[in-house]
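Undergrad: Structure in structure tokens, see below.
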Amino acid sequence: MTAPAPLVVVSGPSGVGKSTVVARALELDPRIWLSVSATTRRPRAGEVEGREYFFVSDGQFDALIADDGLLEWATFAGNRYGTPRGPVEAQRAAGRPVLLEIEVQGARQVRERVPGALLVFLAPPSWEVLQARLTGRGTESTEAVERRLAAAREELAAAGEFDVTLVNADVQQCAEALVAWAIVPDPATGGGSPASE
């Protein structure tokens with residue numbers, strides 16, 4: 001029986017550039033499949049069902065939890081978000097490496113439910129860089145920024161729980177390293193996963 005393709009969980013603090021690095025990794029290697037989360041929040045303008053999220057009712061979300069249909073889930077700002085188990089397992093069984101871009105608490109849940117998952121922590125080059133990114137958006141109140149900074153400190157403290165830490169000093173290099181971790185090397189050509197940066 002063939003082992004399922006890798007499941008790689010990407011996490012890190014807000015503002016570290018997770019979405020940018022993941023998007024570049026998908027461009028570099030189209031074999032990688034990015035999981036789409038389910039959410040109970042309402043769609044925003046321009047969002048497409050199945051692309052940004054699967055939009056579900058509270059009852060449907062409850063049913064997913066009851067049926068063990070989620071690999072992880074959490075509540076943010078009064079709405080619930082989770083990773084549907086079925087599509088992830090189907091893609092891995094078909095030989096496609098799967099990426100999950102989720103929060104630290106979600107990564108902890110995946111570690112419990114999928115022991116073979118690889119947890120990758122995306123870190124900023126420095127606290128000052130992250131702070132500048134979070135405060136430089138200029139779209140939030142001082143209180144909201146302070147909450148983000150406090151959450152970022154907590155999330156950075158969790159880096160030791162992850163298998164690999166990649167420092168996002170350069171998006172291209174970071175994405176290339178992520179792809180190398182997500183793709184199982186061909187035994188015929190040799191090679192292995194890169195060392196953590």
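All residue names refer to the structure tokens as shown: chains lettered A, B, ... in order, residues numbered from 1 in each chain, ligands numbered from 1 in order.
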DSSP says strand (DSSP E) for which residues of region 96-194 of chain A? Put them as a list in words?
TA: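 Of region 96-194 of chain A, the ones in strand (DSSP E) are Val98, Leu99, Leu100, Glu101, Leu118, Leu119, Val120, Phe121, Leu122, Ala123, Val164, Thr165, Leu166 and Val167 of chain A.
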Undergrad: Go ahead and dump the residues you just picked, N, CA and C atoms, as a compact mmCIF listing (two decimals), in the first residue's frame.
TA:
# COMPACT_ATOMS: atom_id res chain seq x y z
N VAL A 98 -0.29 18.11 0.27
CA VAL A 98 -1.30 19.07 0.72
C VAL A 98 -0.68 20.08 1.68
N LEU A 99 -1.01 21.36 1.45
CA LEU A 99 -0.61 22.43 2.37
C LEU A 99 -1.83 22.92 3.13
N LEU A 100 -1.68 23.12 4.42
CA LEU A 100 -2.70 23.79 5.24
C LEU A 100 -2.07 25.08 5.73
N GLU A 101 -2.73 26.21 5.49
CA GLU A 101 -2.27 27.49 6.02
C GLU A 101 -3.22 27.87 7.14
N LEU A 118 3.79 17.34 8.81
CA LEU A 118 4.99 18.14 9.04
C LEU A 118 4.54 19.56 9.37
N LEU A 119 4.94 20.06 10.52
CA LEU A 119 4.54 21.41 10.93
C LEU A 119 5.67 22.39 10.66
N VAL A 120 5.38 23.39 9.81
CA VAL A 120 6.36 24.40 9.42
C VAL A 120 5.96 25.74 10.02
N PHE A 121 6.88 26.35 10.74
CA PHE A 121 6.64 27.66 11.35
C PHE A 121 7.32 28.72 10.53
N LEU A 122 6.56 29.71 10.12
CA LEU A 122 7.10 30.83 9.36
C LEU A 122 7.40 31.96 10.34
N ALA A 123 8.67 32.34 10.41
CA ALA A 123 9.09 33.37 11.35
C ALA A 123 9.56 34.62 10.62
N VAL A 164 9.92 22.40 11.70
CA VAL A 164 10.81 23.21 10.86
C VAL A 164 10.46 24.68 11.07
N THR A 165 11.48 25.53 11.13
CA THR A 165 11.25 26.97 11.13
C THR A 165 11.91 27.57 9.89
N LEU A 166 11.12 28.30 9.11
CA LEU A 166 11.63 29.02 7.95
C LEU A 166 11.51 30.51 8.24
N VAL A 167 12.61 31.23 8.07
CA VAL A 167 12.61 32.68 8.29
C VAL A 167 12.25 33.36 6.98
Undergrad: Would you list the contacts of Gln172 (chain A) as a list in words, taking every protein, DNA or RNA residue within 9 Å and counting only C-alpha atoms, but skipping same-chain residues closer than 4 positions in sequence?
TA: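 So the residues in contact are Val21, Arg24, Ala25, Glu176 and Ala177 of chain A.
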Undergrad: Create the file for the chosen residues now, containing C-alpha atoms and written as a compact mmCIF listing (two decimals), in the first residue's frame.
TA:
# COMPACT_ATOMS: atom_id res chain seq x y z
CA VAL A 21 4.81 32.53 0.68
CA ARG A 24 4.44 31.59 -4.40
CA ALA A 25 4.99 27.93 -3.43
CA GLU A 176 11.40 27.26 -2.47
CA ALA A 177 12.26 25.78 0.93
Undergrad: With only C-alpha atoms as the basis for distance, which of A:Ala180, A:Leu26, A:Glu161, A:Gln173 is at the shortest distance from Arg108 (chain A)?
TA: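 Of all the options, A:Glu161 lies closest to Arg108 (chain A).
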Undergrad: Run DSSP on the backbone and tell me which residues of region 23-195 of chain A come out as alpha helix (DSSP H); list them as a PDB file with N, CA and C atoms, in the first residue's frame.
TA:
ATOM      1  N   ALA A  23       1.285  31.245  -1.645  1.00  0.00           N
ATOM      2  CA  ALA A  23       0.894  31.511  -3.029  1.00  0.00           C
ATOM      3  C   ALA A  23       2.074  31.320  -3.982  1.00  0.00           C
ATOM      4  N   ARG A  24       3.252  31.761  -3.559  1.00  0.00           N
ATOM      5  CA  ARG A  24       4.443  31.585  -4.398  1.00  0.00           C
ATOM      6  C   ARG A  24       4.820  30.107  -4.499  1.00  0.00           C
ATOM      7  N   ALA A  25       4.683  29.365  -3.413  1.00  0.00           N
ATOM      8  CA  ALA A  25       4.990  27.928  -3.434  1.00  0.00           C
ATOM      9  C   ALA A  25       4.081  27.198  -4.419  1.00  0.00           C
ATOM     10  N   LEU A  26       2.815  27.573  -4.469  1.00  0.00           N
ATOM     11  CA  LEU A  26       1.864  26.944  -5.391  1.00  0.00           C
ATOM     12  C   LEU A  26       2.217  27.267  -6.838  1.00  0.00           C
ATOM     13  N   GLU A  27       2.734  28.478  -7.077  1.00  0.00           N
ATOM     14  CA  GLU A  27       3.186  28.837  -8.427  1.00  0.00           C
ATOM     15  C   GLU A  27       4.418  28.020  -8.820  1.00  0.00           C
ATOM     16  N   LEU A  28       5.308  27.795  -7.864  1.00  0.00           N
ATOM     17  CA  LEU A  28       6.545  27.056  -8.133  1.00  0.00           C
ATOM     18  C   LEU A  28       6.285  25.588  -8.436  1.00  0.00           C
ATOM     19  N   ASP A  58     -24.185  27.287  10.754  1.00  0.00           N
ATOM     20  CA  ASP A  58     -23.772  26.771  12.066  1.00  0.00           C
ATOM     21  C   ASP A  58     -24.141  25.307  12.206  1.00  0.00           C
ATOM     22  N   GLY A  59     -25.327  24.942  11.698  1.00  0.00           N
ATOM     23  CA  GLY A  59     -25.767  23.546  11.773  1.00  0.00           C
ATOM     24  C   GLY A  59     -24.866  22.619  10.977  1.00  0.00           C
ATOM     25  N   GLN A  60     -24.470  23.058   9.785  1.00  0.00           N
ATOM     26  CA  GLN A  60     -23.566  22.244   8.962  1.00  0.00           C
ATOM     27  C   GLN A  60     -22.198  22.101   9.632  1.00  0.00           C
ATOM     28  N   PHE A  61     -21.750  23.168  10.269  1.00  0.00           N
ATOM     29  CA  PHE A  61     -20.455  23.115  10.958  1.00  0.00           C
ATOM     30  C   PHE A  61     -20.537  22.155  12.139  1.00  0.00           C
ATOM     31  N   ASP A  62     -21.640  22.242  12.884  1.00  0.00           N
ATOM     32  CA  ASP A  62     -21.853  21.310  14.008  1.00  0.00           C
ATOM     33  C   ASP A  62     -21.814  19.864  13.532  1.00  0.00           C
ATOM     34  N   ALA A  63     -22.433  19.613  12.365  1.00  0.00           N
ATOM     35  CA  ALA A  63     -22.476  18.251  11.814  1.00  0.00           C
ATOM     36  C   ALA A  63     -21.073  17.774  11.437  1.00  0.00           C
ATOM     37  N   LEU A  64     -20.256  18.674  10.884  1.00  0.00           N
ATOM     38  CA  LEU A  64     -18.875  18.317  10.544  1.00  0.00           C
ATOM     39  C   LEU A  64     -18.090  17.919  11.786  1.00  0.00           C
ATOM     40  N   ILE A  65     -18.283  18.671  12.865  1.00  0.00           N
ATOM     41  CA  ILE A  65     -17.601  18.345  14.125  1.00  0.00           C
ATOM     42  C   ILE A  65     -18.076  16.992  14.650  1.00  0.00           C
ATOM     43  N   ALA A  66     -19.394  16.790  14.656  1.00  0.00           N
ATOM     44  CA  ALA A  66     -19.979  15.549  15.181  1.00  0.00           C
ATOM     45  C   ALA A  66     -19.531  14.327  14.387  1.00  0.00           C
ATOM     46  N   ARG A  85     -11.786  17.345   6.556  1.00  0.00           N
ATOM     47  CA  ARG A  85     -10.909  16.174   6.487  1.00  0.00           C
ATOM     48  C   ARG A  85     -10.964  15.481   5.116  1.00  0.00           C
ATOM     49  N   GLY A  86     -12.180  15.312   4.556  1.00  0.00           N
ATOM     50  CA  GLY A  86     -12.366  14.512   3.348  1.00  0.00           C
ATOM     51  C   GLY A  86     -11.507  14.935   2.168  1.00  0.00           C
ATOM     52  N   PRO A  87     -11.562  16.215   1.754  1.00  0.00           N
ATOM     53  CA  PRO A  87     -10.755  16.635   0.610  1.00  0.00           C
ATOM     54  C   PRO A  87      -9.253  16.461   0.831  1.00  0.00           C
ATOM     55  N   VAL A  88      -8.801  16.715   2.058  1.00  0.00           N
ATOM     56  CA  VAL A  88      -7.368  16.557   2.366  1.00  0.00           C
ATOM     57  C   VAL A  88      -6.954  15.100   2.182  1.00  0.00           C
ATOM     58  N   GLU A  89      -7.739  14.183   2.749  1.00  0.00           N
ATOM     59  CA  GLU A  89      -7.400  12.762   2.640  1.00  0.00           C
ATOM     60  C   GLU A  89      -7.473  12.278   1.194  1.00  0.00           C
ATOM     61  N   ALA A  90      -8.445  12.775   0.428  1.00  0.00           N
ATOM     62  CA  ALA A  90      -8.591  12.371  -0.975  1.00  0.00           C
ATOM     63  C   ALA A  90      -7.388  12.823  -1.807  1.00  0.00           C
ATOM     64  N   GLN A  91      -6.953  14.055  -1.604  1.00  0.00           N
ATOM     65  CA  GLN A  91      -5.809  14.571  -2.358  1.00  0.00           C
ATOM     66  C   GLN A  91      -4.530  13.818  -1.999  1.00  0.00           C
ATOM     67  N   ARG A  92      -4.328  13.559  -0.718  1.00  0.00           N
ATOM     68  CA  ARG A  92      -3.125  12.834  -0.292  1.00  0.00           C
ATOM     69  C   ARG A  92      -3.127  11.409  -0.852  1.00  0.00           C
ATOM     70  N   ALA A  93      -4.299  10.768  -0.849  1.00  0.00           N
ATOM     71  CA  ALA A  93      -4.404   9.407  -1.381  1.00  0.00           C
ATOM     72  C   ALA A  93      -4.107   9.377  -2.878  1.00  0.00           C
ATOM     73  N   VAL A 104      -1.767  28.793  14.772  1.00  0.00           N
ATOM     74  CA  VAL A 104      -0.969  27.920  15.638  1.00  0.00           C
ATOM     75  C   VAL A 104      -1.849  26.914  16.383  1.00  0.00           C
ATOM     76  N   GLN A 105      -2.995  27.364  16.903  1.00  0.00           N
ATOM     77  CA  GLN A 105      -3.842  26.423  17.650  1.00  0.00           C
ATOM     78  C   GLN A 105      -4.380  25.324  16.746  1.00  0.00           C
ATOM     79  N   GLY A 106      -4.637  25.648  15.477  1.00  0.00           N
ATOM     80  CA  GLY A 106      -5.073  24.639  14.522  1.00  0.00           C
ATOM     81  C   GLY A 106      -3.968  23.639  14.230  1.00  0.00           C
ATOM     82  N   ALA A 107      -2.725  24.150  14.115  1.00  0.00           N
ATOM     83  CA  ALA A 107      -1.581  23.268  13.864  1.00  0.00           C
ATOM     84  C   ALA A 107      -1.440  22.245  14.991  1.00  0.00           C
ATOM     85  N   ARG A 108      -1.685  22.681  16.225  1.00  0.00           N
ATOM     86  CA  ARG A 108      -1.606  21.746  17.362  1.00  0.00           C
ATOM     87  C   ARG A 108      -2.651  20.634  17.232  1.00  0.00           C
ATOM     88  N   GLN A 109      -3.840  20.987  16.763  1.00  0.00           N
ATOM     89  CA  GLN A 109      -4.889  19.972  16.596  1.00  0.00           C
ATOM     90  C   GLN A 109      -4.524  18.977  15.501  1.00  0.00           C
ATOM     91  N   VAL A 110      -3.947  19.485  14.395  1.00  0.00           N
ATOM     92  CA  VAL A 110      -3.547  18.596  13.303  1.00  0.00           C
ATOM     93  C   VAL A 110      -2.465  17.636  13.784  1.00  0.00           C
ATOM     94  N   ARG A 111      -1.540  18.131  14.597  1.00  0.00           N
ATOM     95  CA  ARG A 111      -0.478  17.264  15.123  1.00  0.00           C
ATOM     96  C   ARG A 111      -1.072  16.072  15.878  1.00  0.00           C
ATOM     97  N   GLU A 112      -2.146  16.316  16.633  1.00  0.00           N
ATOM     98  CA  GLU A 112      -2.784  15.238  17.395  1.00  0.00           C
ATOM     99  C   GLU A 112      -3.516  14.259  16.480  1.00  0.00           C
ATOM    100  N   ARG A 113      -4.150  14.772  15.427  1.00  0.00           N
ATOM    101  CA  ARG A 113      -5.006  13.936  14.585  1.00  0.00           C
ATOM    102  C   ARG A 113      -4.277  13.296  13.411  1.00  0.00           C
ATOM    103  N   TRP A 127      11.768  40.705  15.328  1.00  0.00           N
ATOM    104  CA  TRP A 127      10.548  41.239  15.935  1.00  0.00           C
ATOM    105  C   TRP A 127      10.238  42.624  15.376  1.00  0.00           C
ATOM    106  N   GLU A 128      11.288  43.421  15.135  1.00  0.00           N
ATOM    107  CA  GLU A 128      11.099  44.780  14.632  1.00  0.00           C
ATOM    108  C   GLU A 128      10.425  44.773  13.254  1.00  0.00           C
ATOM    109  N   VAL A 129      10.836  43.820  12.411  1.00  0.00           N
ATOM    110  CA  VAL A 129      10.241  43.719  11.074  1.00  0.00           C
ATOM    111  C   VAL A 129       8.759  43.370  11.185  1.00  0.00           C
ATOM    112  N   LEU A 130       8.445  42.401  12.036  1.00  0.00           N
ATOM    113  CA  LEU A 130       7.046  41.999  12.216  1.00  0.00           C
ATOM    114  C   LEU A 130       6.222  43.152  12.774  1.00  0.00           C
ATOM    115  N   GLN A 131       6.779  43.835  13.751  1.00  0.00           N
ATOM    116  CA  GLN A 131       6.090  44.975  14.364  1.00  0.00           C
ATOM    117  C   GLN A 131       5.799  46.051  13.314  1.00  0.00           C
ATOM    118  N   ALA A 132       6.768  46.308  12.452  1.00  0.00           N
ATOM    119  CA  ALA A 132       6.581  47.316  11.404  1.00  0.00           C
ATOM    120  C   ALA A 132       5.483  46.895  10.433  1.00  0.00           C
ATOM    121  N   ARG A 133       5.428  45.601  10.102  1.00  0.00           N
ATOM    122  CA  ARG A 133       4.388  45.119   9.195  1.00  0.00           C
ATOM    123  C   ARG A 133       3.000  45.262   9.823  1.00  0.00           C
ATOM    124  N   LEU A 134       2.900  44.924  11.096  1.00  0.00           N
ATOM    125  CA  LEU A 134       1.596  44.959  11.751  1.00  0.00           C
ATOM    126  C   LEU A 134       1.116  46.378  12.020  1.00  0.00           C
ATOM    127  N   THR A 135       2.041  47.284  12.305  1.00  0.00           N
ATOM    128  CA  THR A 135       1.632  48.656  12.610  1.00  0.00           C
ATOM    129  C   THR A 135       1.558  49.510  11.348  1.00  0.00           C
ATOM    130  N   THR A 142      -5.371  51.620  17.347  1.00  0.00           N
ATOM    131  CA  THR A 142      -4.211  51.309  18.189  1.00  0.00           C
ATOM    132  C   THR A 142      -4.481  50.073  19.034  1.00  0.00           C
ATOM    133  N   GLU A 143      -5.710  49.967  19.560  1.00  0.00           N
ATOM    134  CA  GLU A 143      -6.066  48.807  20.396  1.00  0.00           C
ATOM    135  C   GLU A 143      -5.996  47.512  19.596  1.00  0.00           C
ATOM    136  N   ALA A 144      -6.489  47.548  18.350  1.00  0.00           N
ATOM    137  CA  ALA A 144      -6.462  46.355  17.499  1.00  0.00           C
ATOM    138  C   ALA A 144      -5.030  45.949  17.188  1.00  0.00           C
ATOM    139  N   VAL A 145      -4.184  46.934  16.930  1.00  0.00           N
ATOM    140  CA  VAL A 145      -2.773  46.643  16.645  1.00  0.00           C
ATOM    141  C   VAL A 145      -2.108  46.030  17.875  1.00  0.00           C
ATOM    142  N   GLU A 146      -2.399  46.590  19.057  1.00  0.00           N
ATOM    143  CA  GLU A 146      -1.817  46.045  20.297  1.00  0.00           C
ATOM    144  C   GLU A 146      -2.245  44.597  20.511  1.00  0.00           C
ATOM    145  N   ARG A 147      -3.513  44.284  20.180  1.00  0.00           N
ATOM    146  CA  ARG A 147      -3.990  42.899  20.313  1.00  0.00           C
ATOM    147  C   ARG A 147      -3.235  41.977  19.356  1.00  0.00           C
ATOM    148  N   ARG A 148      -3.007  42.462  18.130  1.00  0.00           N
ATOM    149  CA  ARG A 148      -2.262  41.664  17.148  1.00  0.00           C
ATOM    150  C   ARG A 148      -0.822  41.428  17.611  1.00  0.00           C
ATOM    151  N   LEU A 149      -0.199  42.465  18.157  1.00  0.00           N
ATOM    152  CA  LEU A 149       1.181  42.333  18.633  1.00  0.00           C
ATOM    153  C   LEU A 149       1.272  41.349  19.802  1.00  0.00           C
ATOM    154  N   ALA A 150       0.302  41.428  20.707  1.00  0.00           N
ATOM    155  CA  ALA A 150       0.290  40.501  21.847  1.00  0.00           C
ATOM    156  C   ALA A 150       0.116  39.068  21.361  1.00  0.00           C
ATOM    157  N   ALA A 151      -0.797  38.871  20.386  1.00  0.00           N
ATOM    158  CA  ALA A 151      -1.017  37.528  19.828  1.00  0.00           C
ATOM    159  C   ALA A 151       0.236  37.044  19.115  1.00  0.00           C
ATOM    160  N   ALA A 152       0.917  37.951  18.402  1.00  0.00           N
ATOM    161  CA  ALA A 152       2.135  37.578  17.675  1.00  0.00           C
ATOM    162  C   ALA A 152       3.227  37.113  18.635  1.00  0.00           C
ATOM    163  N   ARG A 153       3.347  37.778  19.780  1.00  0.00           N
ATOM    164  CA  ARG A 153       4.346  37.353  20.772  1.00  0.00           C
ATOM    165  C   ARG A 153       4.063  35.926  21.238  1.00  0.00           C
ATOM    166  N   GLU A 154       2.791  35.636  21.507  1.00  0.00           N
ATOM    167  CA  GLU A 154       2.412  34.288  21.938  1.00  0.00           C
ATOM    168  C   GLU A 154       2.711  33.265  20.854  1.00  0.00           C
ATOM    169  N   GLU A 155       2.376  33.625  19.603  1.00  0.00           N
ATOM    170  CA  GLU A 155       2.591  32.689  18.495  1.00  0.00           C
ATOM    171  C   GLU A 155       4.077  32.444  18.254  1.00  0.00           C
ATOM    172  N   LEU A 156       4.898  33.475  18.356  1.00  0.00           N
ATOM    173  CA  LEU A 156       6.350  33.305  18.181  1.00  0.00           C
ATOM    174  C   LEU A 156       6.923  32.385  19.255  1.00  0.00           C
ATOM    175  N   ALA A 157       6.341  32.447  20.441  1.00  0.00           N
ATOM    176  CA  ALA A 157       6.809  31.589  21.538  1.00  0.00           C
ATOM    177  C   ALA A 157       6.525  30.111  21.266  1.00  0.00           C
ATOM    178  N   VAL A 171      10.835  36.097   0.110  1.00  0.00           N
ATOM    179  CA  VAL A 171       9.665  35.281  -0.228  1.00  0.00           C
ATOM    180  C   VAL A 171      10.042  34.119  -1.150  1.00  0.00           C
ATOM    181  N   GLN A 172      10.840  34.398  -2.177  1.00  0.00           N
ATOM    182  CA  GLN A 172      11.212  33.362  -3.139  1.00  0.00           C
ATOM    183  C   GLN A 172      11.963  32.218  -2.452  1.00  0.00           C
ATOM    184  N   GLN A 173      12.971  32.564  -1.667  1.00  0.00           N
ATOM    185  CA  GLN A 173      13.769  31.529  -0.988  1.00  0.00           C
ATOM    186  C   GLN A 173      12.913  30.743   0.003  1.00  0.00           C
ATOM    187  N   CYS A 174      12.040  31.440   0.699  1.00  0.00           N
ATOM    188  CA  CYS A 174      11.177  30.798   1.683  1.00  0.00           C
ATOM    189  C   CYS A 174      10.206  29.836   0.990  1.00  0.00           C
ATOM    190  N   ALA A 175       9.641  30.271  -0.127  1.00  0.00           N
ATOM    191  CA  ALA A 175       8.710  29.430  -0.880  1.00  0.00           C
ATOM    192  C   ALA A 175       9.420  28.210  -1.454  1.00  0.00           C
ATOM    193  N   GLU A 176      10.635  28.392  -1.940  1.00  0.00           N
ATOM    194  CA  GLU A 176      11.402  27.263  -2.471  1.00  0.00           C
ATOM    195  C   GLU A 176      11.676  26.229  -1.382  1.00  0.00           C
ATOM    196  N   ALA A 177      12.019  26.699  -0.188  1.00  0.00           N
ATOM    197  CA  ALA A 177      12.259  25.784   0.926  1.00  0.00           C
ATOM    198  C   ALA A 177      10.975  25.042   1.300  1.00  0.00           C
ATOM    199  N   LEU A 178       9.859  25.756   1.281  1.00  0.00           N
ATOM    200  CA  LEU A 178       8.574  25.132   1.608  1.00  0.00           C
ATOM    201  C   LEU A 178       8.226  24.041   0.592  1.00  0.00           C
ATOM    202  N   VAL A 179       8.443  24.316  -0.688  1.00  0.00           N
ATOM    203  CA  VAL A 179       8.186  23.314  -1.728  1.00  0.00           C
ATOM    204  C   VAL A 179       9.068  22.084  -1.510  1.00  0.00           C
ATOM    205  N   ALA A 180      10.321  22.314  -1.149  1.00  0.00           N
ATOM    206  CA  ALA A 180      11.237  21.193  -0.934  1.00  0.00           C
ATOM    207  C   ALA A 180      10.765  20.293   0.212  1.00  0.00           C
ATOM    208  N   TRP A 181      10.146  20.890   1.209  1.00  0.00           N
ATOM    209  CA  TRP A 181       9.611  20.093   2.316  1.00  0.00           C
ATOM    210  C   TRP A 181       8.328  19.374   1.912  1.00  0.00           C
ATOM    211  N   ALA A 182       7.551  19.979   1.017  1.00  0.00           N
ATOM    212  CA  ALA A 182       6.243  19.415   0.659  1.00  0.00           C
ATOM    213  C   ALA A 182       6.342  18.274  -0.342  1.00  0.00           C
TER     214      ALA A 182
END
Undergrad: To one decimal place, how far is CA of Ala94 (chain A) from CA of Val8 (chain A) in Å?
TA: 15.7 Å
Undergrad: For Ala117 (chain A), please output as a VMD selection string all residues within 6 Å (counting only C-alpha atoms; exclusion window: fewer than 2 positions along the same chain).
TA: chain A and resid 7 to 8 114 to 115
Undergrad: So that I have them on file, write out the residues from the current selection with C-alpha atoms, as a compact mmCIF listing (two decimals), in the first residue's frame.
TA:
# COMPACT_ATOMS: atom_id res chain seq x y z
CA LEU A 7 0.62 16.93 4.69
CA VAL A 8 2.45 20.17 5.47
CA VAL A 114 -2.41 13.37 11.85
CA PRO A 115 0.82 12.23 13.54
